[in-house]
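Enquirer: Pasting a structure below so you can have a look.
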Number of protein chains: 2
Amino acid sequence: MSENSFQALPGFRDFDPQKCAIRNYFFATWRKVAVRYGFVEYEVPTVESTELYLKKTGGELPTQLFRFVDQGQRDITLRPEITASLGRLAISTQRDYPKPLKWFEIGCCYRYEKPQKGRLREFYQFNADILGEQGSCADSELIALAIDCLLELGLQKEDVVVRVSDRKVWQDFAEAHNISAEQHPEFLAIIDKLERERPEQLQAKLDVFGLQLSQLQEFISNPPLGCSAAFSELQSDLAARGMQDFIELDLTIVRGLAYYTGLVFEIFDRQKNLRAVAGGGRYDNLVNDLSEGSLQLPATGFAMGDVVIRHLVEQCPQANALLQQFLAQGSCEVFVISEHAEQRAVMLGCVTELRRAGLRVDYALAGAKFNNQLKKAQKAGAAYVLVIPQPGEQAELRELASRASQKADLAQLVQQLCSQQAAN
Amino acid sequence: MSENSFQALPGFRDFDPQKCAIRNYFFATWRKVAVRYGFVEYEVPTVESTELYLKKTGGELPTQLFRFVDQGQRDITLRPEITASLGRLAISTQRDYPKPLKWFEIGCCYRYEKPQKGRLREFYQFNADILGEQGSCADSELIALAIDCLLELGLQKEDVVVRVSDRKVWQDFAEAHNISAEQHPEFLAIIDKLERERPEQLQAKLDVFGLQLSQLQEFISNPPLGCSAAFSELQSDLAARGMQDFIELDLTIVRGLAYYTGLVFEIFDRQKNLRAVAGGGRYDNLVNDLSEGSLQLPATGFAMGDVVIRHLVEQCPQANALLQQFLAQGSCEVFVISEHAEQRAVMLGCVTELRRAGLRVDYALAGAKFNNQLKKAQKAGAAYVLVIPQPGEQAELRELASRASQKADLAQLVQQLCSQQAAN
């Protein structure tokens, strides 16, 4: 076997059942908390016309696209993110829903990047967005959702921080320093690089605007009180939810994507070991742009990937304990054993009845010696073993953990298990 | 807005929340029944090296691939099916699991076909496979799983039929008629087309083998008793589960894919309005071939797509009623109303507490007049409305359906709702 041709591609993952259970833990948590928050689920195609991303997303994405030409000569792309498709979907269906829309999605995205820790070519994202509400009350609801997802995973304010910024603050700063509206994106790009580029490089770029790097650093360290009305409102709303200790004003955050407008945020581990756990913000103009001015739908949203959050949960003992507890749940409730081939039909009948009652039931498909069936039951982590009797004899129900055993008519024991299930 | 560039691509679908709820109904049913059967979930990449499909899948698939060259000059393909990837995954991880493996998957597949009723370019599949058991007891377990999924959806034996065949019967037939092993695939391809091609065309192809079309038709109409030992065993196992009326021996079924070996089956609506709901069968050699002889893992599996099953459920009144019942479930349990802006913090605190208790809770994000908030609660399908009081007054809990109302301290009403939730 050629090892290379029969492995997953670089940056793509196989999820065997153990890995898939971990994936499902995050999916289940995201879905559970989003539903409590009144968000409803949607989905968009994995493949889109490339035009959707080139024209509307902007930023650095175009260089990382999985882009190709299909048999019908269409220029198409594996989706690098969800927001552009969400905009399209909202435009075509928003009439059918009361505003604001509170929508979430869980699915794959793709980026052609060098695979490394926290970055893969195929990864899952949880996307949550609120469309149709321009006030910071929507950002508060959205960030609270993100925080409650983290809390549900067992992460605390000592583990994570939501670094919040407001692009409007930088807009005001730019205006006060005579930077023209056209130069604004270029100026924001410098802010975006403040923590990643060398001071000389940054200063060279700032010279164009007649600014000193130290001026920016001073402004970031001591932002003028009340410089962002949206942030002040956000703070008070999150305090009312008991979440004030999770957020910090951090003006270095601007988010790379061109479509963001106001409040933006990124969630990081406090230890700063990892890339961003989640990121998002306001994009009040995207729907307007996509609809060529025919629909105003101010919006705010975030995405949380599955890769970094998993690293974070595994590095925080309390969160990791919850994950391990989830994974340890036995999958089999009743294992049915029949020693004699003539009892196969009776066994299959019982198995079917117990499953219809909602129980997780297994048995030795091809039969086996009694002790081997018992071993299979133990390997399957079964709570109970039900032993099918010979005609005229009594059936046996064993609880594997306590080794308690009970003998009775088969029909009676099946009935007992079904009633137990119905009561749960 | 250019209508064409901002629609989903042909054969791809947007799922707004209403459509996504229908999708999720099928996902939830598949997952629920598979778990009761002791199957565990896995996932494989959406994109694979094209070689995996060209070499191992065979049949008509290679003409329908979404195939392209990535930035690293790799020949890659959006997965047209799951089985080849499953084979690879089983080879690399089977040591970690007791046999037989009972594994399922729910995810997207892609085929470049002309979009039409029941056929799309991006569609979901439920895949269930049993690896490591060669007896027909595995096929029985697998087909029972498929039938129980249909029953769970409200479909009855009057609605659907599992048409079962055995490739070994045709192998025996071919040997008895001096068709060489090399010609076998060509012969099977003729059987596969029996119901789709014109008699003259079929006869012309049969001439090569010195066979008459009427001979085949007679053999299919009156298959020799006991011609398939596997089918007889399957019948008796399914009878023990009360599922005998769902299956029929139908030797016209051979399944297009080259990797099938023994029992094969397709599930159809009895009215014959639709394409196959599901299809599958034994593929005892695939793992052996993929591992170049280093691992024997006989296997059987099936795939059920989301497109045809949805048409079928919608055309069967009993099944459709269950779907509608699922969709009618209200998403909001408690809608919290606060009339005065000064009460916002108290309201947000209550909302947070109720959500943490697991309740689905919503409120008017930006506030509104009392009656408008009440209207929002009704639109959200809320079971209860909780009215935040002015300081010193009592809170009110209203049940919207019965219009019953209760006044008490806010903390007491919140506690009551949380206890109710814990008891559920």
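In the structure tokens, each chain is lettered A, B, ... as it comes, each chain's residues begin at 1, and ligands are numbered from 1 in order of appearance.
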Quick one: residues within 9 Å of Ala383 (chain A), only C-alpha atoms counted, chain neighbours fewer than 3 positions away excluded, as a list of chain:residue names?

Expert: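 In the requested form, the answer reads A:Gly330, A:Cys332, A:Glu333, A:Val334, A:Phe335, A:Ala377, A:Gln378, A:Arg398, A:Glu399, A:Leu400, A:Ala401.
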
Enquirer: Output the selection as a CSV table (one decimal), in the first residue's frame - C-alpha atoms for each residue.

Expert:
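Result file is out_29.csv:
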chain,number,residue,atom,x,y,z
A,330,GLY,CA,-21.0,3.9,28.2
A,332,CYS,CA,-24.5,0.1,25.6
A,333,GLU,CA,-27.3,-0.1,28.1
A,334,VAL,CA,-28.4,-3.8,27.6
A,335,PHE,CA,-26.3,-6.6,26.1
A,377,ALA,CA,-20.8,-7.2,27.0
A,378,GLN,CA,-18.1,-6.0,29.3
A,398,ARG,CA,-27.6,-9.0,35.6
A,399,GLU,CA,-26.4,-5.6,36.5
A,400,LEU,CA,-22.7,-5.7,35.6
A,401,ALA,CA,-21.4,-3.0,38.0

Enquirer: Output the contact residues of chain A with respect to chain B at a cut-off of 6 Å, based on only C-alpha atoms, as a ChimeraX atom specification.

Expert: /A:1,12-17,20,36-38,41-45,137,240-241,291-292,345,348-349,352,355,359-362,365-366

Enquirer: Would you save the residues of that selection, restricted to N, CA, C and O atoms, as a CSV table (one decimal), in the first residue's frame?

Expert:
chain,number,residue,atom,x,y,z
A,1,MET,N,0.8,-1.2,0.0
A,1,MET,CA,0.0,0.0,0.0
A,1,MET,C,0.9,1.2,0.0
A,1,MET,O,1.8,1.4,0.8
A,12,PHE,N,-6.1,17.8,6.6
A,12,PHE,CA,-7.4,17.1,6.7
A,12,PHE,C,-7.4,16.0,7.7
A,12,PHE,O,-6.3,15.4,7.9
A,13,ARG,N,-8.5,15.8,8.4
A,13,ARG,CA,-8.5,14.8,9.5
A,13,ARG,C,-9.5,13.7,9.3
A,13,ARG,O,-10.6,13.9,8.9
A,14,ASP,N,-9.0,12.5,9.7
A,14,ASP,CA,-9.9,11.3,9.9
A,14,ASP,C,-10.4,11.4,11.4
A,14,ASP,O,-9.6,11.6,12.3
A,15,PHE,N,-11.7,11.2,11.6
A,15,PHE,CA,-12.2,11.1,13.0
A,15,PHE,C,-12.7,9.7,13.2
A,15,PHE,O,-13.8,9.3,12.8
A,16,ASP,N,-11.8,8.9,13.9
A,16,ASP,CA,-12.3,7.5,14.3
A,16,ASP,C,-13.3,7.8,15.4
A,16,ASP,O,-13.4,8.9,15.9
A,17,PRO,N,-14.0,6.7,15.8
A,17,PRO,CA,-15.1,7.0,16.8
A,17,PRO,C,-14.6,7.7,18.1
A,17,PRO,O,-15.4,8.6,18.6
A,20,CYS,N,-14.2,11.3,17.0
A,20,CYS,CA,-15.5,11.9,16.6
A,20,CYS,C,-16.3,12.2,17.9
A,20,CYS,O,-17.1,13.2,17.9
A,36,ARG,N,-30.5,27.5,23.9
A,36,ARG,CA,-31.0,28.2,25.1
A,36,ARG,C,-31.1,29.7,24.9
A,36,ARG,O,-31.9,30.4,25.5
A,37,TYR,N,-30.2,30.2,24.0
A,37,TYR,CA,-30.2,31.7,23.8
A,37,TYR,C,-31.2,32.1,22.7
A,37,TYR,O,-31.2,33.2,22.3
A,38,GLY,N,-32.0,31.1,22.2
A,38,GLY,CA,-33.0,31.4,21.2
A,38,GLY,C,-32.5,31.5,19.8
A,38,GLY,O,-33.1,32.1,18.9
A,41,GLU,N,-30.8,27.1,13.9
A,41,GLU,CA,-29.8,26.7,13.1
A,41,GLU,C,-30.1,26.8,11.6
A,41,GLU,O,-31.2,26.7,11.2
A,42,TYR,N,-29.0,27.2,10.8
A,42,TYR,CA,-29.2,27.2,9.3
A,42,TYR,C,-27.9,26.6,8.7
A,42,TYR,O,-27.0,26.2,9.5
A,43,GLU,N,-27.9,26.4,7.4
A,43,GLU,CA,-26.7,25.8,6.8
A,43,GLU,C,-26.6,26.4,5.4
A,43,GLU,O,-27.7,26.8,4.8
A,44,VAL,N,-25.4,26.6,4.9
A,44,VAL,CA,-25.2,27.1,3.5
A,44,VAL,C,-24.3,26.1,2.8
A,44,VAL,O,-23.7,25.2,3.4
A,45,PRO,N,-24.2,26.2,1.4
A,45,PRO,CA,-23.4,25.2,0.7
A,45,PRO,C,-21.9,25.3,1.1
A,45,PRO,O,-21.4,26.3,1.5
A,137,CYS,N,-26.8,46.2,22.3
A,137,CYS,CA,-27.5,45.1,23.0
A,137,CYS,C,-27.3,43.8,22.2
A,137,CYS,O,-27.3,42.7,22.8
A,240,ALA,N,-24.4,43.0,34.1
A,240,ALA,CA,-25.8,42.5,34.5
A,240,ALA,C,-25.9,41.0,34.4
A,240,ALA,O,-26.7,40.4,35.1
A,241,ARG,N,-25.1,40.4,33.5
A,241,ARG,CA,-25.1,39.0,33.3
A,241,ARG,C,-24.0,38.3,34.2
A,241,ARG,O,-23.8,37.1,34.1
A,291,SER,N,-26.7,43.2,-1.2
A,291,SER,CA,-28.0,43.4,-1.9
A,291,SER,C,-28.0,44.7,-2.8
A,291,SER,O,-29.0,45.1,-3.2
A,292,GLU,N,-26.8,45.2,-3.0
A,292,GLU,CA,-26.6,46.5,-3.8
A,292,GLU,C,-27.6,47.6,-3.3
A,292,GLU,O,-28.3,48.2,-4.1
A,345,ALA,N,-34.0,-16.6,17.4
A,345,ALA,CA,-35.2,-15.8,17.0
A,345,ALA,C,-35.8,-15.1,18.2
A,345,ALA,O,-36.1,-13.9,18.1
A,348,LEU,N,-33.5,-12.1,19.0
A,348,LEU,CA,-33.6,-11.0,18.0
A,348,LEU,C,-34.9,-10.2,18.3
A,348,LEU,O,-35.0,-9.0,18.2
A,349,GLY,N,-36.0,-11.0,18.7
A,349,GLY,CA,-37.2,-10.3,19.0
A,349,GLY,C,-37.1,-9.4,20.2
A,349,GLY,O,-37.5,-8.3,20.2
A,352,THR,N,-35.0,-6.3,19.4
A,352,THR,CA,-35.8,-5.3,18.6
A,352,THR,C,-36.8,-4.6,19.5
A,352,THR,O,-36.9,-3.3,19.5
A,355,ARG,N,-34.8,-2.0,21.7
A,355,ARG,CA,-34.4,-0.9,20.9
A,355,ARG,C,-35.6,0.0,20.6
A,355,ARG,O,-35.4,1.3,20.7
A,359,LEU,N,-33.9,2.0,24.1
A,359,LEU,CA,-32.6,1.5,24.8
A,359,LEU,C,-31.5,1.3,23.8
A,359,LEU,O,-31.8,0.9,22.7
A,360,ARG,N,-30.3,1.5,24.2
A,360,ARG,CA,-29.1,1.2,23.4
A,360,ARG,C,-28.7,-0.3,23.7
A,360,ARG,O,-28.3,-0.6,24.8
A,361,VAL,N,-28.9,-1.1,22.7
A,361,VAL,CA,-28.9,-2.6,22.9
A,361,VAL,C,-27.9,-3.2,21.9
A,361,VAL,O,-27.9,-2.9,20.7
A,362,ASP,N,-27.1,-4.2,22.4
A,362,ASP,CA,-26.2,-4.9,21.5
A,362,ASP,C,-26.2,-6.4,21.8
A,362,ASP,O,-26.8,-6.8,22.9
A,365,LEU,N,-23.3,-10.7,17.2
A,365,LEU,CA,-24.0,-10.8,16.0
A,365,LEU,C,-24.1,-12.3,15.5
A,365,LEU,O,-25.2,-12.8,15.2
A,366,ALA,N,-23.0,-13.0,15.6
A,366,ALA,CA,-22.9,-14.3,15.0
A,366,ALA,C,-23.0,-15.4,16.1
A,366,ALA,O,-22.8,-16.6,15.9

Enquirer: Just list the residues in region 206-322 of chain A DSSP gives helix (DSSP H, G or I) on the backbone, as a PyMOL selection string.

Expert: chain A and resi 206-207+213-221+229-240+244-246+286-290+306-315+317-322

Enquirer: Skipping near chain neighbours, those fewer than 2 positions away, what residues fall within 6 Å of Thr300 (chain A) using only C-alpha atoms, listed as a count of residues only?

Expert: 5

Enquirer: Taking only C-alpha atoms into account, which of A:Ile191, A:Arg403, A:Val385, A:Ala328 comes nearest Leu417 (chain A)?

Expert: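 Using only C-alpha atoms, the shortest distance to Leu417 (chain A) belongs to A:Val385.
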
Enquirer: Just want the 10 Å neighbourhood of Ile309 (chain B), counted on only C-alpha atoms, with same-chain residues fewer than 6 positions away dropped. Output as a PyMOL selection string.

Expert: chain B and resi 26+118+150+153+268-269+274-278+315

Enquirer: What does the file look like for those residues with N, CA and C atoms, as a PDB file, in the first residue's frame?

Expert:
ATOM      1  N   PHE B  26     -34.103  14.507  10.097  1.00  0.00           N
ATOM      2  CA  PHE B  26     -33.530  13.265   9.552  1.00  0.00           C
ATOM      3  C   PHE B  26     -32.216  12.922  10.267  1.00  0.00           C
ATOM      4  N   GLY B 118     -34.504  14.460  -6.718  1.00  0.00           N
ATOM      5  CA  GLY B 118     -33.856  13.360  -6.009  1.00  0.00           C
ATOM      6  C   GLY B 118     -32.351  13.291  -6.241  1.00  0.00           C
ATOM      7  N   LEU B 150     -36.666   3.804   9.048  1.00  0.00           N
ATOM      8  CA  LEU B 150     -37.878   4.122   8.293  1.00  0.00           C
ATOM      9  C   LEU B 150     -39.101   4.088   9.204  1.00  0.00           C
ATOM     10  N   LEU B 153     -39.403   7.065  11.327  1.00  0.00           N
ATOM     11  CA  LEU B 153     -39.900   8.215  10.555  1.00  0.00           C
ATOM     12  C   LEU B 153     -41.395   8.093  10.255  1.00  0.00           C
ATOM     13  N   PHE B 268     -36.850   1.061  -1.852  1.00  0.00           N
ATOM     14  CA  PHE B 268     -37.683   1.891  -2.724  1.00  0.00           C
ATOM     15  C   PHE B 268     -39.028   2.181  -2.079  1.00  0.00           C
ATOM     16  N   ASP B 269     -39.668   3.269  -2.524  1.00  0.00           N
ATOM     17  CA  ASP B 269     -41.057   3.497  -2.155  1.00  0.00           C
ATOM     18  C   ASP B 269     -41.911   2.520  -2.965  1.00  0.00           C
ATOM     19  N   LEU B 274     -40.250   7.374  -6.842  1.00  0.00           N
ATOM     20  CA  LEU B 274     -38.975   7.998  -6.492  1.00  0.00           C
ATOM     21  C   LEU B 274     -37.793   7.100  -6.817  1.00  0.00           C
ATOM     22  N   ARG B 275     -36.611   7.694  -6.833  1.00  0.00           N
ATOM     23  CA  ARG B 275     -35.373   6.929  -6.910  1.00  0.00           C
ATOM     24  C   ARG B 275     -35.183   6.129  -5.620  1.00  0.00           C
ATOM     25  N   ALA B 276     -34.104   5.345  -5.563  1.00  0.00           N
ATOM     26  CA  ALA B 276     -33.837   4.539  -4.369  1.00  0.00           C
ATOM     27  C   ALA B 276     -33.670   5.436  -3.148  1.00  0.00           C
ATOM     28  N   VAL B 277     -34.258   5.048  -2.035  1.00  0.00           N
ATOM     29  CA  VAL B 277     -34.141   5.750  -0.760  1.00  0.00           C
ATOM     30  C   VAL B 277     -32.789   5.447  -0.127  1.00  0.00           C
ATOM     31  N   ALA B 278     -32.313   4.213  -0.332  1.00  0.00           N
ATOM     32  CA  ALA B 278     -31.042   3.772   0.251  1.00  0.00           C
ATOM     33  C   ALA B 278     -30.530   2.600  -0.570  1.00  0.00           C
ATOM     34  N   GLN B 315     -44.618  12.467   1.064  1.00  0.00           N
ATOM     35  CA  GLN B 315     -45.727  11.880   0.297  1.00  0.00           C
ATOM     36  C   GLN B 315     -46.520  10.841   1.109  1.00  0.00           C
TER      37      GLN B 315
END

Enquirer: Do a neighbour search on Pro391 (chain A) at 12 Å with only C-alpha atoms, toss out local chain neighbours closer than 5 positions, and write the hits as number ranges by chain.

Expert: A: 338, 340, 342-343, 346, 409-410

Enquirer: Report the distance between CA of Lys168 (chain B) and CA of Cys109 (chain B) in Å, rounded to one decimal place.

Expert: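 Computing the Euclidean distance for CA of Lys168 (chain B) and CA of Cys109 (chain B) yields 29.3 Å.
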
Enquirer: Can you tell me, as an MDAnalysis selection string, what residues are no more than 6 Å from region 246-258 of chain A when counting only C-alpha atoms, ignoring any on the same chain fewer than 2 positions away?

Expert: chainID A and resid 58:59 157 161:165 192 220 243:244 260

Enquirer: May I have the residues from that selection written out with all heavy atoms, as an mmCIF file, in the first residue's frame?

Expert:
data_model
loop_
_atom_site.group_PDB
_atom_site.id
_atom_site.type_symbol
_atom_site.label_atom_id
_atom_site.label_comp_id
_atom_site.auth_asym_id
_atom_site.auth_seq_id
_atom_site.Cartn_x
_atom_site.Cartn_y
_atom_site.Cartn_z
ATOM 1 N N GLY A 58 -12.944 40.423 1.112
ATOM 2 C CA GLY A 58 -11.757 41.259 1.179
ATOM 3 C C GLY A 58 -10.730 40.725 2.145
ATOM 4 O O GLY A 58 -10.710 39.540 2.469
ATOM 5 N N GLY A 59 -9.824 41.605 2.620
ATOM 6 C CA GLY A 59 -8.798 41.190 3.572
ATOM 7 C C GLY A 59 -7.841 40.204 2.942
ATOM 8 O O GLY A 59 -7.603 40.218 1.732
ATOM 9 N N LYS A 157 -13.127 32.456 34.018
ATOM 10 C CA LYS A 157 -12.541 33.756 33.678
ATOM 11 C C LYS A 157 -11.024 33.759 33.885
ATOM 12 O O LYS A 157 -10.317 34.580 33.326
ATOM 13 C CB LYS A 157 -13.206 34.894 34.468
ATOM 14 C CG LYS A 157 -13.072 34.814 35.976
ATOM 15 C CD LYS A 157 -13.803 35.993 36.612
ATOM 16 C CE LYS A 157 -13.510 36.078 38.099
ATOM 17 N NZ LYS A 157 -14.106 34.946 38.859
ATOM 18 N N VAL A 161 -10.101 35.170 27.994
ATOM 19 C CA VAL A 161 -10.422 36.595 28.009
ATOM 20 C C VAL A 161 -10.984 36.991 26.635
ATOM 21 O O VAL A 161 -10.516 36.504 25.613
ATOM 22 C CB VAL A 161 -9.182 37.446 28.369
ATOM 23 C CG1 VAL A 161 -8.039 37.194 27.388
ATOM 24 C CG2 VAL A 161 -9.521 38.936 28.414
ATOM 25 N N VAL A 162 -12.012 37.844 26.687
ATOM 26 C CA VAL A 162 -12.575 38.384 25.450
ATOM 27 C C VAL A 162 -11.980 39.777 25.266
ATOM 28 O O VAL A 162 -12.258 40.686 26.046
ATOM 29 C CB VAL A 162 -14.120 38.485 25.530
ATOM 30 C CG1 VAL A 162 -14.693 38.936 24.182
ATOM 31 C CG2 VAL A 162 -14.732 37.161 25.967
ATOM 32 N N ARG A 163 -11.123 39.900 24.267
ATOM 33 C CA ARG A 163 -10.507 41.199 24.001
ATOM 34 C C ARG A 163 -11.383 41.943 23.005
ATOM 35 O O ARG A 163 -11.536 41.535 21.864
ATOM 36 C CB ARG A 163 -9.088 41.001 23.471
ATOM 37 C CG ARG A 163 -8.156 40.372 24.530
ATOM 38 C CD ARG A 163 -6.913 39.769 23.917
ATOM 39 N NE ARG A 163 -5.995 40.755 23.390
ATOM 40 C CZ ARG A 163 -4.911 40.456 22.671
ATOM 41 N NH1 ARG A 163 -4.613 39.177 22.400
ATOM 42 N NH2 ARG A 163 -4.135 41.409 22.214
ATOM 43 N N VAL A 164 -11.962 43.064 23.481
ATOM 44 C CA VAL A 164 -12.940 43.793 22.682
ATOM 45 C C VAL A 164 -12.345 45.114 22.205
ATOM 46 O O VAL A 164 -11.605 45.763 22.933
ATOM 47 C CB VAL A 164 -14.213 44.092 23.509
ATOM 48 C CG1 VAL A 164 -15.256 44.811 22.667
ATOM 49 C CG2 VAL A 164 -14.783 42.815 24.099
ATOM 50 N N SER A 165 -12.664 45.464 20.992
ATOM 51 C CA SER A 165 -12.236 46.759 20.473
ATOM 52 C C SER A 165 -13.383 47.361 19.665
ATOM 53 O O SER A 165 -14.437 46.740 19.509
ATOM 54 C CB SER A 165 -10.992 46.569 19.607
ATOM 55 O OG SER A 165 -10.594 47.791 19.034
ATOM 56 N N ASP A 192 -3.562 46.446 12.909
ATOM 57 C CA ASP A 192 -3.711 44.989 12.908
ATOM 58 C C ASP A 192 -2.365 44.283 13.085
ATOM 59 O O ASP A 192 -2.283 43.188 13.632
ATOM 60 C CB ASP A 192 -4.379 44.559 11.587
ATOM 61 C CG ASP A 192 -4.812 43.093 11.604
ATOM 62 O OD1 ASP A 192 -5.244 42.613 12.677
ATOM 63 O OD2 ASP A 192 -4.719 42.436 10.557
ATOM 64 N N ILE A 220 -3.273 53.318 23.039
ATOM 65 C CA ILE A 220 -3.789 51.969 23.323
ATOM 66 C C ILE A 220 -3.696 51.652 24.813
ATOM 67 O O ILE A 220 -4.605 51.061 25.393
ATOM 68 C CB ILE A 220 -3.014 50.926 22.476
ATOM 69 C CG1 ILE A 220 -3.418 51.076 21.005
ATOM 70 C CG2 ILE A 220 -3.264 49.506 22.982
ATOM 71 C CD1 ILE A 220 -2.525 50.348 20.036
ATOM 72 N N MET A 243 -20.845 38.741 33.775
ATOM 73 C CA MET A 243 -19.767 38.335 32.880
ATOM 74 C C MET A 243 -18.711 39.405 32.679
ATOM 75 O O MET A 243 -17.882 39.301 31.766
ATOM 76 C CB MET A 243 -20.353 37.961 31.507
ATOM 77 C CG MET A 243 -21.299 36.769 31.546
ATOM 78 S SD MET A 243 -22.042 36.487 29.920
ATOM 79 C CE MET A 243 -22.992 34.986 30.245
ATOM 80 N N GLN A 244 -18.724 40.461 33.528
ATOM 81 C CA GLN A 244 -17.826 41.592 33.294
ATOM 82 C C GLN A 244 -16.348 41.211 33.361
ATOM 83 O O GLN A 244 -15.510 41.838 32.714
ATOM 84 C CB GLN A 244 -18.137 42.748 34.263
ATOM 85 C CG GLN A 244 -17.854 42.466 35.731
ATOM 86 C CD GLN A 244 -18.999 41.710 36.418
ATOM 87 O OE1 GLN A 244 -19.869 41.127 35.768
ATOM 88 N NE2 GLN A 244 -18.975 41.715 37.741
ATOM 89 N N TYR A 260 -15.762 44.307 8.652
ATOM 90 C CA TYR A 260 -16.147 44.723 9.998
ATOM 91 C C TYR A 260 -16.306 46.236 10.108
ATOM 92 O O TYR A 260 -15.570 46.992 9.486
ATOM 93 C CB TYR A 260 -15.128 44.243 11.029
ATOM 94 C CG TYR A 260 -15.205 42.749 11.257
ATOM 95 C CD1 TYR A 260 -14.203 41.899 10.814
ATOM 96 C CD2 TYR A 260 -16.310 42.193 11.894
ATOM 97 C CE1 TYR A 260 -14.286 40.527 11.007
ATOM 98 C CE2 TYR A 260 -16.409 40.823 12.089
ATOM 99 C CZ TYR A 260 -15.390 39.995 11.645
ATOM 100 O OH TYR A 260 -15.482 38.648 11.835
#

Enquirer: Do you have the CA of Ile190 (chain B)-CA of Gly280 (chain B) distance handy?

Expert: 19.0 Å

Enquirer: Step one, run DSSP on the backbone; step two, keep only residues of region 75-287 of chain B assigned to strand (DSSP E or B); then write them as a PyMOL selection string.

Expert: chain B and resi 75-78+101-110+116+119+122-131+160-166+247-249+263-269+278-282

Enquirer: By how many Å are CA of Thr83 (chain B) and CA of Lys117 (chain B) apart?

Expert: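 It comes out at 24.4 Å.
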